[in-house]
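Have a look at the structure below before the remarks.
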Amino acid sequence: MAAVETVPGFIRPDGKEKVTGTGRYTADLNLTGMAHARFRYADHSHARILGIDTSKASALPGVVAIVTQDQLPDVRFGSFVQDRYLFAKDVARFEGEIVAGVAALTPEIAAEAARLIEIDYEPLPAIADFEKSMEAGAPLIHPDLASYDKDENIVANSNTMAYHTIVKGDADAAMATADVVVKGRYVSDASQGVPIEPRAVIAEWQGDKVTVWSSTQVPYAARAGVAQTLQVPEADVRVIVPLLGGGFGAKCDLHFEGQVAALARAAKRPVKLVFSREEEFRAIAQRREGIVMEFETGAMRDGRIVARKARLVLDKGAYCGEGGFLGQMAAMHACGPYIIDAIHVKAYLNYTNNQPSGSVRAPTAPQVCWGLEQHMDEVARAIGMDPVELRRRTLIEEGAEGPTRQVFEKVGVRDTLEAAVAMIGYDDADLPEDEAIGVATGWWPCMAAPAGAYIQMNGDGSATVVTGAQENGSGAVMAMPVFVGQELGIDPKDVSMLYQDTDVAPWDMGSCGSQTTFNSGRAILAAAAEVREQLLDAAAAQLEADRGDIELADGTARVKGSPDRSVAMADLVGEIGTVHGKGSGEVPEAPTGDTGGCVGRIGNETFLAPQLITQAAHVKVDRETGVVRVLRVAAAHDSGRILNKAGANGQVYGGVVMGVGLALSEGTMLDDEGHQRNPHLLDYKLVTCSDAPEIEVEWIEYDSVGPRGSKGVGEPPQVPTAGAIANAIAKVLGGQVRQLPMTPERVWEVRRKAST
């Protein structure tokens, strides 16, 4: 199969409307008689709700509905632990929790009505420190946690929502044999996804059925969440996603569709919600988690790693949402793509009165990789070995055994290391004393899930594809017409897409987990193969030729080597009548391993088709101010066969730039009770174009289990960036910056201590 970039003149179908501004996002939609929604948020990080008085708000002219949890089914939701209501019931547990919703004729009236709602609180002790939340005697965020419905493999206790271990061999005994034992502690602040499009939801009821337009990455999860929380059949819930203005994982899970649907039902008219930028920071339940990381590694002088122990503490925030897997993922990233004889990792995912955490691009991986890769450089210094050489000797390879005894097939991680250091000129660098090059390596799994697709051939020879896949801006869905065109021999411009509508398309996991091409691409190719078989059979009969001699190309079916013996695709379809195909393809199975010694096994204990990444960063540090400038990044990736190089490169460029922001400036500042101190773009410092470094990309391509030998691409580019930058900074300063983001103040303080 040819790469997408080889198709002359192909322009992604959503491109023109996006670049010209004519595309319609959820916030652009308006329905007849529509009301506007605003929420009343908690006034406290932790408080008992003694009473809610809505009388003043209800009396305000223009208010058409007010909803609290007392008016809704007594149903909690949450993917791994069902611990949350749509509206706070009895207790509010973080500052952005919704206590009531208002629908009114204008946004201004709705906002004023929300302000007029009077709530009687009994303040409760609040805890923002996620390490202290697990100490004996800490205030319990969920006193009734033991009674909640939860995944049977979740191990929960007190304020620890989930506890996970990875155990391989006897780490203590192996540590005792090491030539060198190195310990290190690193702390990562929480951060935000900050997609450019704010969240927006519109809901409209027609009888017992509700249609929801939403800026969600996961419409099927949203549909299930609305059905569960409002106690209606899923068949009566339709979720449509107009153009989506990015998400980075922050728009996964049920996010406000249920509340807006409840308001629309109460108002008996359509209701629209559009978030302000401050609400985007405070009210969402999908920010990047804070993590405390403690590593202990035993190594031999020749570089062999004989043991690793790690203790990870993660901030879950007030509720589980879909983030119950975060501890498990963090534990795997604490091991990294290294050959280690014995391992004992503990991960604690703790409740606090902070904003809930969840999926943001490669959840847990960038922070843990940042800490681990600095720790690896510390190990290299302790044994007197260059950090790149240490990685050469310890990175996994074909036949190596992973932390859960997974045996790896062909992987290109060592190739990525060599490519990155060659691109950056690591061995030949003669740099000023305020500049240095750092290297970091990471990994990320491919997320296998069911997916489906339908393809219908039209009478003019064009095709229509129906898929549940979500287009979040990456172009993954927009490349599907090329795949269909290549399989059926028609121009990709003649392939239309019907997608992001739960009433039309088969179930899909959503735009998350770097899995769109990996899963939905497989389904579309399977559906195209079914159509192709019908076309070949019909063409063979009409052209009176052996089926094996027929090819589909240039909008025709023709006999190979005999261009005069052909039939136009439109004529062929007209002869057959209905031509359609459906497919899902075979879902790849995760590799086997021995996880018998592991606690809290909830998925990804082994890494299917691991994506491997090495990045090298060339930085300049101003010793007087602590300001760090990233000059160049060399990124080498093993993501299987690259089907769309231009799109894949774009994912790396974006991921690296996000990684620079995570490394140097992006962090959510909290007070002692979990209130955000910088919930706006003035003080939450995103990377701009002027901050972006020069980025060079190289792909290491080996066949994998995805369509046409591919793997995922979207999340891995951010994984090692901060670690590479950190290791470069440490070379300049002579010491590690042990808190993320590595702001000028923190960099300057390390420099000060190193010089005294």
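Ordering of the structure tokens sets the chain letters (A, B, ...), residue numbers begin anew at 1 in every chain, and ligands are numbered from 1 in the order given.
Residues in contact with Gly650 (chain A) at 9 Å, where only C-alpha atoms are counted and same-chain residues fewer than 5 positions away are skipped, are listed as Ser474, Lys645 and Gly655 of chain A.
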Selection export as a PDB file, in the first residue's frame, atoms kept: N, CA, C and O atoms:
```
ATOM      1  N   SER A 474      -5.850  15.676  14.003  1.00  0.00           N
ATOM      2  CA  SER A 474      -4.585  15.063  13.595  1.00  0.00           C
ATOM      3  C   SER A 474      -4.565  14.687  12.127  1.00  0.00           C
ATOM      4  O   SER A 474      -3.497  14.513  11.535  1.00  0.00           O
ATOM      5  N   LYS A 645       3.461  10.055   6.021  1.00  0.00           N
ATOM      6  CA  LYS A 645       4.649  10.664   6.615  1.00  0.00           C
ATOM      7  C   LYS A 645       4.417  12.117   6.983  1.00  0.00           C
ATOM      8  O   LYS A 645       4.869  12.569   8.042  1.00  0.00           O
ATOM      9  N   GLY A 655       3.954  17.241  19.232  1.00  0.00           N
ATOM     10  CA  GLY A 655       4.284  16.590  20.496  1.00  0.00           C
ATOM     11  C   GLY A 655       5.526  17.164  21.140  1.00  0.00           C
ATOM     12  O   GLY A 655       5.582  17.361  22.361  1.00  0.00           O
TER      13      GLY A 655
END
```
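Distance annotation: of A:Val687, A:Leu733, A:Ala176, A:Met669, the residue with the minimal separation from Glu624 (chain A) is A:Leu733; atom set is only C-alpha atoms.
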* Selection: 6 Å around region 443-446 of chain A, only C-alpha atoms, excl. self and same-chain fewer than 4 positions, as JSON, numbers by chain -> {"A": [607, 608, 609, 610, 611, 612]}
Those same residues - N, CA, C and O atoms - I'd like them written as a PDB file, in the first residue's frame.
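And here is the file that came out, part-v5.pdb:
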```pdb
ATOM      1  N   PHE A 607       2.939  -4.456  26.991  1.00  0.00           N
ATOM      2  CA  PHE A 607       2.787  -3.405  25.987  1.00  0.00           C
ATOM      3  C   PHE A 607       2.673  -4.032  24.596  1.00  0.00           C
ATOM      4  O   PHE A 607       3.655  -4.567  24.071  1.00  0.00           O
ATOM      5  N   LEU A 608       1.465  -3.960  24.026  1.00  0.00           N
ATOM      6  CA  LEU A 608       1.250  -4.440  22.671  1.00  0.00           C
ATOM      7  C   LEU A 608       1.943  -3.509  21.690  1.00  0.00           C
ATOM      8  O   LEU A 608       1.786  -2.283  21.764  1.00  0.00           O
ATOM      9  N   ALA A 609       2.694  -4.083  20.752  1.00  0.00           N
ATOM     10  CA  ALA A 609       3.342  -3.319  19.680  1.00  0.00           C
ATOM     11  C   ALA A 609       3.920  -2.017  20.210  1.00  0.00           C
ATOM     12  O   ALA A 609       3.528  -0.931  19.780  1.00  0.00           O
ATOM     13  N   PRO A 610       4.836  -2.081  21.166  1.00  0.00           N
ATOM     14  CA  PRO A 610       5.303  -0.843  21.808  1.00  0.00           C
ATOM     15  C   PRO A 610       5.916   0.127  20.813  1.00  0.00           C
ATOM     16  O   PRO A 610       6.656  -0.259  19.912  1.00  0.00           O
ATOM     17  N   GLN A 611       5.556   1.384  20.989  1.00  0.00           N
ATOM     18  CA  GLN A 611       6.161   2.460  20.218  1.00  0.00           C
ATOM     19  C   GLN A 611       7.369   2.951  21.014  1.00  0.00           C
ATOM     20  O   GLN A 611       7.245   3.257  22.198  1.00  0.00           O
ATOM     21  N   LEU A 612       8.507   3.032  20.373  1.00  0.00           N
ATOM     22  CA  LEU A 612       9.752   3.384  21.051  1.00  0.00           C
ATOM     23  C   LEU A 612      10.268   4.708  20.522  1.00  0.00           C
ATOM     24  O   LEU A 612      10.196   4.974  19.323  1.00  0.00           O
TER      25      LEU A 612
END
```
Contacts of region 656-661 of chain A within 7 Å, only C-alpha atoms, excl. fewer than 6 positions in-chain, as a PDB file with all heavy atoms, in the first residue's frame:
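Okay, out_13.pdb is ready:
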```
ATOM      1  N   LEU A 686       1.783  28.783  28.036  1.00  0.00           N
ATOM      2  CA  LEU A 686       1.914  27.867  26.910  1.00  0.00           C
ATOM      3  C   LEU A 686       3.102  28.262  26.032  1.00  0.00           C
ATOM      4  O   LEU A 686       3.495  29.424  25.985  1.00  0.00           O
ATOM      5  CB  LEU A 686       0.645  27.882  26.064  1.00  0.00           C
ATOM      6  CG  LEU A 686      -0.624  27.309  26.699  1.00  0.00           C
ATOM      7  CD1 LEU A 686      -1.812  27.563  25.785  1.00  0.00           C
ATOM      8  CD2 LEU A 686      -0.486  25.823  26.969  1.00  0.00           C
ATOM      9  N   VAL A 687       3.632  27.291  25.328  1.00  0.00           N
ATOM     10  CA  VAL A 687       4.692  27.549  24.362  1.00  0.00           C
ATOM     11  C   VAL A 687       4.075  28.170  23.113  1.00  0.00           C
ATOM     12  O   VAL A 687       3.039  27.729  22.624  1.00  0.00           O
ATOM     13  CB  VAL A 687       5.424  26.242  24.012  1.00  0.00           C
ATOM     14  CG1 VAL A 687       6.334  26.438  22.821  1.00  0.00           C
ATOM     15  CG2 VAL A 687       6.228  25.758  25.208  1.00  0.00           C
ATOM     16  N   ALA A 692       9.353  27.596  19.846  1.00  0.00           N
ATOM     17  CA  ALA A 692       9.526  26.271  19.256  1.00  0.00           C
ATOM     18  C   ALA A 692      10.947  26.089  18.737  1.00  0.00           C
ATOM     19  O   ALA A 692      11.485  26.963  18.056  1.00  0.00           O
ATOM     20  CB  ALA A 692       8.531  26.063  18.124  1.00  0.00           C
ATOM     21  N   PRO A 717       5.252  11.189  20.746  1.00  0.00           N
ATOM     22  CA  PRO A 717       6.196  12.298  20.544  1.00  0.00           C
ATOM     23  C   PRO A 717       6.419  13.189  21.754  1.00  0.00           C
ATOM     24  O   PRO A 717       7.445  13.852  21.847  1.00  0.00           O
ATOM     25  CB  PRO A 717       5.547  13.087  19.398  1.00  0.00           C
ATOM     26  CG  PRO A 717       4.812  12.063  18.609  1.00  0.00           C
ATOM     27  CD  PRO A 717       4.250  11.127  19.641  1.00  0.00           C
ATOM     28  N   GLN A 718       5.479  13.217  22.700  1.00  0.00           N
ATOM     29  CA  GLN A 718       5.676  14.056  23.879  1.00  0.00           C
ATOM     30  C   GLN A 718       6.389  13.327  25.007  1.00  0.00           C
ATOM     31  O   GLN A 718       6.834  13.960  25.962  1.00  0.00           O
ATOM     32  CB  GLN A 718       4.332  14.592  24.384  1.00  0.00           C
ATOM     33  CG  GLN A 718       4.489  15.730  25.381  1.00  0.00           C
ATOM     34  CD  GLN A 718       3.175  16.212  25.966  1.00  0.00           C
ATOM     35  OE1 GLN A 718       2.114  15.715  25.640  1.00  0.00           O
ATOM     36  NE2 GLN A 718       3.243  17.187  26.849  1.00  0.00           N
ATOM     37  N   THR A 721      10.472  14.188  25.623  1.00  0.00           N
ATOM     38  CA  THR A 721      10.990  15.532  25.370  1.00  0.00           C
ATOM     39  C   THR A 721      11.502  16.201  26.629  1.00  0.00           C
ATOM     40  O   THR A 721      12.624  16.731  26.671  1.00  0.00           O
ATOM     41  CB  THR A 721       9.911  16.408  24.708  1.00  0.00           C
ATOM     42  OG1 THR A 721       9.325  15.715  23.613  1.00  0.00           O
ATOM     43  CG2 THR A 721      10.502  17.713  24.219  1.00  0.00           C
ATOM     44  N   ALA A 722      10.670  16.215  27.667  1.00  0.00           N
ATOM     45  CA  ALA A 722      11.076  16.880  28.914  1.00  0.00           C
ATOM     46  C   ALA A 722      12.305  16.219  29.521  1.00  0.00           C
ATOM     47  O   ALA A 722      13.179  16.898  30.081  1.00  0.00           O
ATOM     48  CB  ALA A 722       9.921  16.879  29.915  1.00  0.00           C
TER      49      ALA A 722
END
```
* **Neighbour list for Pro492 (chain A) as a list in words, cut-off 7 Å, only C-alpha atoms, skip fewer than 2 positions in-chain** => Pro481, Val482, Gly485, Ile490, Asp494 and Val495 of chain A
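Take the candidates A:Gly399, A:Gly585, A:Gly438, A:Gly358 and check each one against Phe518 (chain A) using only C-alpha atoms; the shortest distance goes to A:Gly585.
The closest residue to Asn604 (chain A), picked from A:Arg381, A:Arg84, A:Arg752, A:His333 and counting only C-alpha atoms, is A:His333.
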Go through region 483-505 of chain A residue by residue and, counting only C-alpha atoms, keep those with an atom at most 6 Å from region 462-466 of chain A; for each kept residue give the shortest atom pair and its distance in Å to one decimal, ordered by chain and increasing number, as a Markdown table.
```
| residue | atom | partner | partner_atom | distance |
| --- | --- | --- | --- | --- |
| A:Asp494 | CA | A:Ser462 | CA | 5.0 |
| A:Val495 | CA | A:Ala463 | CA | 4.8 |
| A:Ser496 | CA | A:Thr464 | CA | 4.8 |
| A:Met497 | CA | A:Val465 | CA | 4.9 |
| A:Leu498 | CA | A:Val466 | CA | 4.8 |
| A:Tyr499 | CA | A:Val466 | CA | 5.8 |
| A:Ala505 | CA | A:Val466 | CA | 5.8 |
```
Determine, counting only C-alpha atoms, which protein, DNA and RNA residues have an atom within 12 Å of an atom of Glu418 (chain A); residues of the same chain fewer than 4 positions away are not included. Present the result as a JSON list (two decimals) with all heavy atoms, in the first residue's frame.
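What ended up in result12.json:
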```
[["chain", "number", "residue", "atom", "x", "y", "z"],
["A", 388, "VAL", "N", 24.63, 7.88, 26.95],
["A", 388, "VAL", "CA", 24.21, 7.21, 25.73],
["A", 388, "VAL", "C", 24.72, 5.77, 25.71],
["A", 388, "VAL", "O", 24.00, 4.84, 25.32],
["A", 388, "VAL", "CB", 24.70, 7.98, 24.48],
["A", 388, "VAL", "CG1", 24.51, 7.16, 23.22],
["A", 388, "VAL", "CG2", 23.95, 9.31, 24.36],
["A", 389, "GLU", "N", 25.94, 5.57, 26.16],
["A", 389, "GLU", "CA", 26.49, 4.22, 26.19],
["A", 389, "GLU", "C", 25.72, 3.33, 27.15],
["A", 389, "GLU", "O", 25.48, 2.14, 26.87],
["A", 389, "GLU", "CB", 27.97, 4.25, 26.58],
["A", 389, "GLU", "CG", 28.66, 2.89, 26.58],
["A", 389, "GLU", "CD", 28.61, 2.19, 25.23],
["A", 389, "GLU", "OE1", 28.58, 2.88, 24.19],
["A", 389, "GLU", "OE2", 28.60, 0.94, 25.22],
["A", 391, "ARG", "N", 22.58, 3.52, 27.82],
["A", 391, "ARG", "CA", 21.35, 3.14, 27.14],
["A", 391, "ARG", "C", 21.61, 2.10, 26.04],
["A", 391, "ARG", "O", 20.81, 1.19, 25.84],
["A", 391, "ARG", "CB", 20.66, 4.39, 26.58],
["A", 391, "ARG", "CG", 20.06, 5.27, 27.69],
["A", 391, "ARG", "CD", 19.59, 6.63, 27.18],
["A", 391, "ARG", "NE", 18.90, 7.39, 28.20],
["A", 391, "ARG", "CZ", 19.50, 8.12, 29.13],
["A", 391, "ARG", "NH1", 20.83, 8.19, 29.15],
["A", 391, "ARG", "NH2", 18.80, 8.77, 30.05],
["A", 392, "ARG", "N", 22.72, 2.25, 25.34],
["A", 392, "ARG", "CA", 23.06, 1.24, 24.32],
["A", 392, "ARG", "C", 23.10, -0.16, 24.93],
["A", 392, "ARG", "O", 22.68, -1.14, 24.30],
["A", 392, "ARG", "CB", 24.42, 1.55, 23.71],
["A", 392, "ARG", "CG", 24.46, 2.70, 22.72],
["A", 392, "ARG", "CD", 25.79, 2.73, 21.99],
["A", 392, "ARG", "NE", 25.84, 3.81, 21.01],
["A", 392, "ARG", "CZ", 26.55, 4.92, 21.16],
["A", 392, "ARG", "NH1", 27.31, 5.08, 22.24],
["A", 392, "ARG", "NH2", 26.53, 5.85, 20.23],
["A", 395, "LEU", "N", 18.94, -0.98, 26.70],
["A", 395, "LEU", "CA", 17.64, -0.89, 26.05],
["A", 395, "LEU", "C", 17.18, -2.26, 25.56],
["A", 395, "LEU", "O", 17.99, -3.11, 25.18],
["A", 395, "LEU", "CB", 17.69, 0.09, 24.88],
["A", 395, "LEU", "CG", 17.74, 1.57, 25.28],
["A", 395, "LEU", "CD1", 18.09, 2.43, 24.06],
["A", 395, "LEU", "CD2", 16.42, 2.03, 25.89],
["A", 412, "GLY", "N", 12.66, -1.31, 17.48],
["A", 412, "GLY", "CA", 13.71, -0.45, 16.96],
["A", 412, "GLY", "C", 14.22, 0.58, 17.92],
["A", 412, "GLY", "O", 14.74, 1.62, 17.49],
["A", 413, "VAL", "N", 14.12, 0.31, 19.24],
["A", 413, "VAL", "CA", 14.49, 1.36, 20.19],
["A", 413, "VAL", "C", 15.98, 1.68, 20.14],
["A", 413, "VAL", "O", 16.38, 2.86, 20.24],
["A", 413, "VAL", "CB", 14.05, 0.98, 21.62],
["A", 413, "VAL", "CG1", 14.75, -0.27, 22.12],
["A", 413, "VAL", "CG2", 14.27, 2.15, 22.56],
["A", 414, "ARG", "N", 16.82, 0.69, 19.97],
["A", 414, "ARG", "CA", 18.25, 0.98, 19.88],
["A", 414, "ARG", "C", 18.57, 1.75, 18.60],
["A", 414, "ARG", "O", 19.45, 2.61, 18.59],
["A", 414, "ARG", "CB", 19.06, -0.31, 19.96],
["A", 414, "ARG", "CG", 18.88, -1.04, 21.30],
["A", 414, "ARG", "CD", 19.88, -2.14, 21.51],
["A", 414, "ARG", "NE", 19.63, -2.83, 22.77],
["A", 414, "ARG", "CZ", 20.50, -3.63, 23.37],
["A", 414, "ARG", "NH1", 21.69, -3.85, 22.81],
["A", 414, "ARG", "NH2", 20.20, -4.21, 24.51],
["A", 422, "ALA", "N", 22.90, 10.74, 16.26],
["A", 422, "ALA", "CA", 23.55, 11.12, 15.00],
["A", 422, "ALA", "C", 22.97, 12.42, 14.46],
["A", 422, "ALA", "O", 23.70, 13.31, 14.01],
["A", 422, "ALA", "CB", 23.40, 9.99, 13.98],
["A", 423, "MET", "N", 21.64, 12.55, 14.49],
["A", 423, "MET", "CA", 21.01, 13.76, 13.98],
["A", 423, "MET", "C", 21.45, 15.00, 14.75],
["A", 423, "MET", "O", 21.67, 16.06, 14.19],
["A", 423, "MET", "CB", 19.48, 13.63, 14.05],
["A", 423, "MET", "CG", 18.85, 12.80, 12.95],
["A", 423, "MET", "SD", 17.04, 12.95, 12.95],
["A", 423, "MET", "CE", 16.60, 11.97, 14.38],
["A", 424, "ILE", "N", 21.59, 14.86, 16.08],
["A", 424, "ILE", "CA", 21.91, 16.02, 16.91],
["A", 424, "ILE", "C", 23.41, 16.31, 16.94],
["A", 424, "ILE", "O", 23.85, 17.36, 17.39],
["A", 424, "ILE", "CB", 21.39, 15.81, 18.35],
["A", 424, "ILE", "CG1", 21.15, 17.14, 19.07],
["A", 424, "ILE", "CG2", 22.34, 14.95, 19.16],
["A", 424, "ILE", "CD1", 19.89, 17.84, 18.67],
["A", 425, "GLY", "N", 24.21, 15.35, 16.44],
["A", 425, "GLY", "CA", 25.66, 15.52, 16.47],
["A", 425, "GLY", "C", 26.23, 15.34, 17.87],
["A", 425, "GLY", "O", 27.16, 16.04, 18.27],
["A", 426, "TYR", "N", 25.70, 14.38, 18.60],
["A", 426, "TYR", "CA", 26.07, 14.18, 20.01],
["A", 426, "TYR", "C", 27.56, 13.93, 20.20],
["A", 426, "TYR", "O", 28.20, 14.53, 21.07],
["A", 426, "TYR", "CB", 25.27, 13.00, 20.56],
["A", 426, "TYR", "CG", 25.49, 12.70, 22.02],
["A", 426, "TYR", "CD1", 24.75, 13.35, 23.00],
["A", 426, "TYR", "CD2", 26.41, 11.73, 22.42],
["A", 426, "TYR", "CE1", 24.94, 13.06, 24.34],
["A", 426, "TYR", "CE2", 26.60, 11.42, 23.76],
["A", 426, "TYR", "CZ", 25.86, 12.09, 24.72],
["A", 426, "TYR", "OH", 26.05, 11.80, 26.06],
["A", 427, "ASP", "N", 28.12, 13.06, 19.38],
["A", 427, "ASP", "CA", 29.53, 12.68, 19.58],
["A", 427, "ASP", "C", 30.50, 13.75, 19.11],
["A", 427, "ASP", "O", 31.66, 13.76, 19.53],
["A", 427, "ASP", "CB", 29.81, 11.37, 18.84],
["A", 427, "ASP", "CG", 29.06, 10.20, 19.45],
["A", 427, "ASP", "OD1", 28.85, 10.20, 20.67],
["A", 427, "ASP", "OD2", 28.65, 9.29, 18.68],
["A", 439, "VAL", "N", 19.79, 13.45, 26.27],
["A", 439, "VAL", "CA", 19.13, 12.35, 25.54],
["A", 439, "VAL", "C", 18.15, 11.66, 26.48],
["A", 439, "VAL", "O", 18.43, 11.51, 27.68],
["A", 439, "VAL", "CB", 20.16, 11.34, 25.02],
["A", 439, "VAL", "CG1", 19.47, 10.13, 24.38],
["A", 439, "VAL", "CG2", 21.09, 12.01, 24.01],
["A", 440, "ALA", "N", 17.00, 11.26, 25.95],
["A", 440, "ALA", "CA", 16.03, 10.50, 26.74],
["A", 440, "ALA", "C", 15.29, 9.54, 25.83],
["A", 440, "ALA", "O", 15.06, 9.83, 24.64],
["A", 440, "ALA", "CB", 15.04, 11.43, 27.43],
["A", 441, "THR", "N", 14.90, 8.42, 26.39],
["A", 441, "THR", "CA", 14.20, 7.37, 25.66],
["A", 441, "THR", "C", 12.93, 7.00, 26.41],
["A", 441, "THR", "O", 12.90, 7.00, 27.64],
["A", 441, "THR", "CB", 15.10, 6.13, 25.51],
["A", 441, "THR", "OG1", 16.26, 6.49, 24.75],
["A", 441, "THR", "CG2", 14.37, 5.01, 24.80],
["A", 613, "ILE", "N", 10.77, 5.52, 21.43],
["A", 613, "ILE", "CA", 11.16, 6.87, 21.05],
["A", 613, "ILE", "C", 12.46, 7.26, 21.74],
["A", 613, "ILE", "O", 12.62, 7.02, 22.93],
["A", 613, "ILE", "CB", 10.11, 7.92, 21.49],
["A", 613, "ILE", "CG1", 8.70, 7.37, 21.45],
["A", 613, "ILE", "CG2", 10.25, 9.19, 20.69],
["A", 613, "ILE", "CD1", 8.13, 7.00, 22.79],
["A", 614, "THR", "N", 13.36, 7.88, 21.01],
["A", 614, "THR", "CA", 14.51, 8.56, 21.60],
["A", 614, "THR", "C", 14.54, 9.98, 21.04],
["A", 614, "THR", "O", 14.39, 10.18, 19.84],
["A", 614, "THR", "CB", 15.84, 7.87, 21.28],
["A", 614, "THR", "OG1", 15.81, 6.53, 21.80],
["A", 614, "THR", "CG2", 17.00, 8.62, 21.92],
["A", 615, "GLN", "N", 14.72, 10.93, 21.94],
["A", 615, "GLN", "CA", 14.87, 12.31, 21.52],
["A", 615, "GLN", "C", 16.13, 12.89, 22.17],
["A", 615, "GLN", "O", 16.48, 12.55, 23.30],
["A", 615, "GLN", "CB", 13.64, 13.15, 21.90],
["A", 615, "GLN", "CG", 12.41, 12.77, 21.11],
["A", 615, "GLN", "CD", 11.19, 13.58, 21.47],
["A", 615, "GLN", "OE1", 11.25, 14.50, 22.28],
["A", 615, "GLN", "NE2", 10.05, 13.24, 20.87],
["A", 616, "ALA", "N", 16.79, 13.73, 21.40],
["A", 616, "ALA", "CA", 17.97, 14.44, 21.90],
["A", 616, "ALA", "C", 17.68, 15.93, 21.80],
["A", 616, "ALA", "O", 17.19, 16.40, 20.77],
["A", 616, "ALA", "CB", 19.20, 14.07, 21.08],
["A", 634, "ALA", "N", 16.18, 16.47, 18.13],
["A", 634, "ALA", "CA", 16.22, 15.37, 17.17],
["A", 634, "ALA", "C", 15.33, 14.26, 17.70],
["A", 634, "ALA", "O", 15.53, 13.78, 18.83],
["A", 634, "ALA", "CB", 17.65, 14.88, 16.99],
["A", 635, "ALA", "N", 14.34, 13.87, 16.92],
["A", 635, "ALA", "CA", 13.35, 12.89, 17.37],
["A", 635, "ALA", "C", 13.38, 11.68, 16.44],
["A", 635, "ALA", "O", 13.12, 11.80, 15.24],
["A", 635, "ALA", "CB", 11.96, 13.51, 17.36],
["A", 636, "ALA", "N", 13.69, 10.53, 17.00],
["A", 636, "ALA", "CA", 13.70, 9.28, 16.24],
["A", 636, "ALA", "C", 12.68, 8.33, 16.84],
["A", 636, "ALA", "O", 12.69, 8.09, 18.05],
["A", 636, "ALA", "CB", 15.09, 8.65, 16.25],
["A", 637, "HIS", "N", 11.78, 7.81, 16.01],
["A", 637, "HIS", "CA", 10.63, 7.05, 16.49],
["A", 637, "HIS", "C", 10.50, 5.73, 15.76],
["A", 637, "HIS", "O", 10.63, 5.67, 14.53],
["A", 637, "HIS", "CB", 9.34, 7.85, 16.28],
["A", 637, "HIS", "CG", 9.22, 9.07, 17.13],
["A", 637, "HIS", "ND1", 8.14, 9.31, 17.94],
["A", 637, "HIS", "CD2", 10.05, 10.12, 17.31],
["A", 637, "HIS", "CE1", 8.30, 10.46, 18.57],
["A", 637, "HIS", "NE2", 9.46, 10.97, 18.20],
["A", 698, "GLU", "N", 13.22, 11.41, 12.33],
["A", 698, "GLU", "CA", 13.58, 10.22, 11.56],
["A", 698, "GLU", "C", 12.73, 9.06, 12.04],
["A", 698, "GLU", "O", 12.51, 8.89, 13.25],
["A", 698, "GLU", "CB", 15.06, 9.88, 11.71],
["A", 698, "GLU", "CG", 15.48, 8.69, 10.84],
["A", 698, "GLU", "CD", 16.98, 8.50, 10.76],
["A", 698, "GLU", "OE1", 17.72, 9.51, 10.86],
["A", 698, "GLU", "OE2", 17.44, 7.36, 10.60],
["A", 699, "TRP", "N", 12.24, 8.26, 11.10],
["A", 699, "TRP", "CA", 11.39, 7.12, 11.41],
["A", 699, "TRP", "C", 12.18, 5.82, 11.25],
["A", 699, "TRP", "O", 12.82, 5.60, 10.23],
["A", 699, "TRP", "CB", 10.15, 7.10, 10.51],
["A", 699, "TRP", "CG", 9.29, 8.30, 10.72],
["A", 699, "TRP", "CD1", 9.23, 9.42, 9.95],
["A", 699, "TRP", "CD2", 8.37, 8.50, 11.79],
["A", 699, "TRP", "NE1", 8.33, 10.32, 10.47],
["A", 699, "TRP", "CE2", 7.79, 9.78, 11.60],
["A", 699, "TRP", "CE3", 7.98, 7.75, 12.90],
["A", 699, "TRP", "CZ2", 6.84, 10.30, 12.48],
["A", 699, "TRP", "CZ3", 7.04, 8.26, 13.77],
["A", 699, "TRP", "CH2", 6.47, 9.52, 13.56],
["A", 700, "ILE", "N", 12.11, 4.99, 12.26],
["A", 700, "ILE", "CA", 12.70, 3.65, 12.21],
["A", 700, "ILE", "C", 11.54, 2.69, 11.93],
["A", 700, "ILE", "O", 10.64, 2.53, 12.75],
["A", 700, "ILE", "CB", 13.38, 3.28, 13.54],
["A", 700, "ILE", "CG1", 14.39, 4.37, 13.94],
["A", 700, "ILE", "CG2", 14.01, 1.91, 13.45],
["A", 700, "ILE", "CD1", 15.50, 4.61, 12.94]]
```
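The space between CA of Ala648 (chain A) and CA of Arg629 (chain A) spans 25.3 Å.
In this comparison, which uses only C-alpha atoms, the residue of A:Gly706, A:Pro123, A:Pro741, A:Pro563 approaching Ser639 (chain A) most closely is A:Gly706.
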* Excluding Thr404 (chain A) and any residue of its chain fewer than 6 positions from it, enumerate the residues within 10 Å of it, using only C-alpha atoms, and give them as a list in words. => Ile166, Val167, Lys168, Met332, Cys335, Ile343, Thr592, Gly593, Asp594, Thr595, Gly596, Gly597, Cys598, Glu605, Thr606 and Phe607 of chain A
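When CA of Gly317 (chain A) is paired with CA of Ala331 (chain A), their separation reads 18.5 Å.
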* To do: Among the residues of region 533-673 of chain A, find those DSSP assigns to strand (DSSP E or B) from the backbone and print them as a PyMOL selection string.
  => chain A and resi 550-553+556-559+562-568+580-583+611-621+628-638+640+670
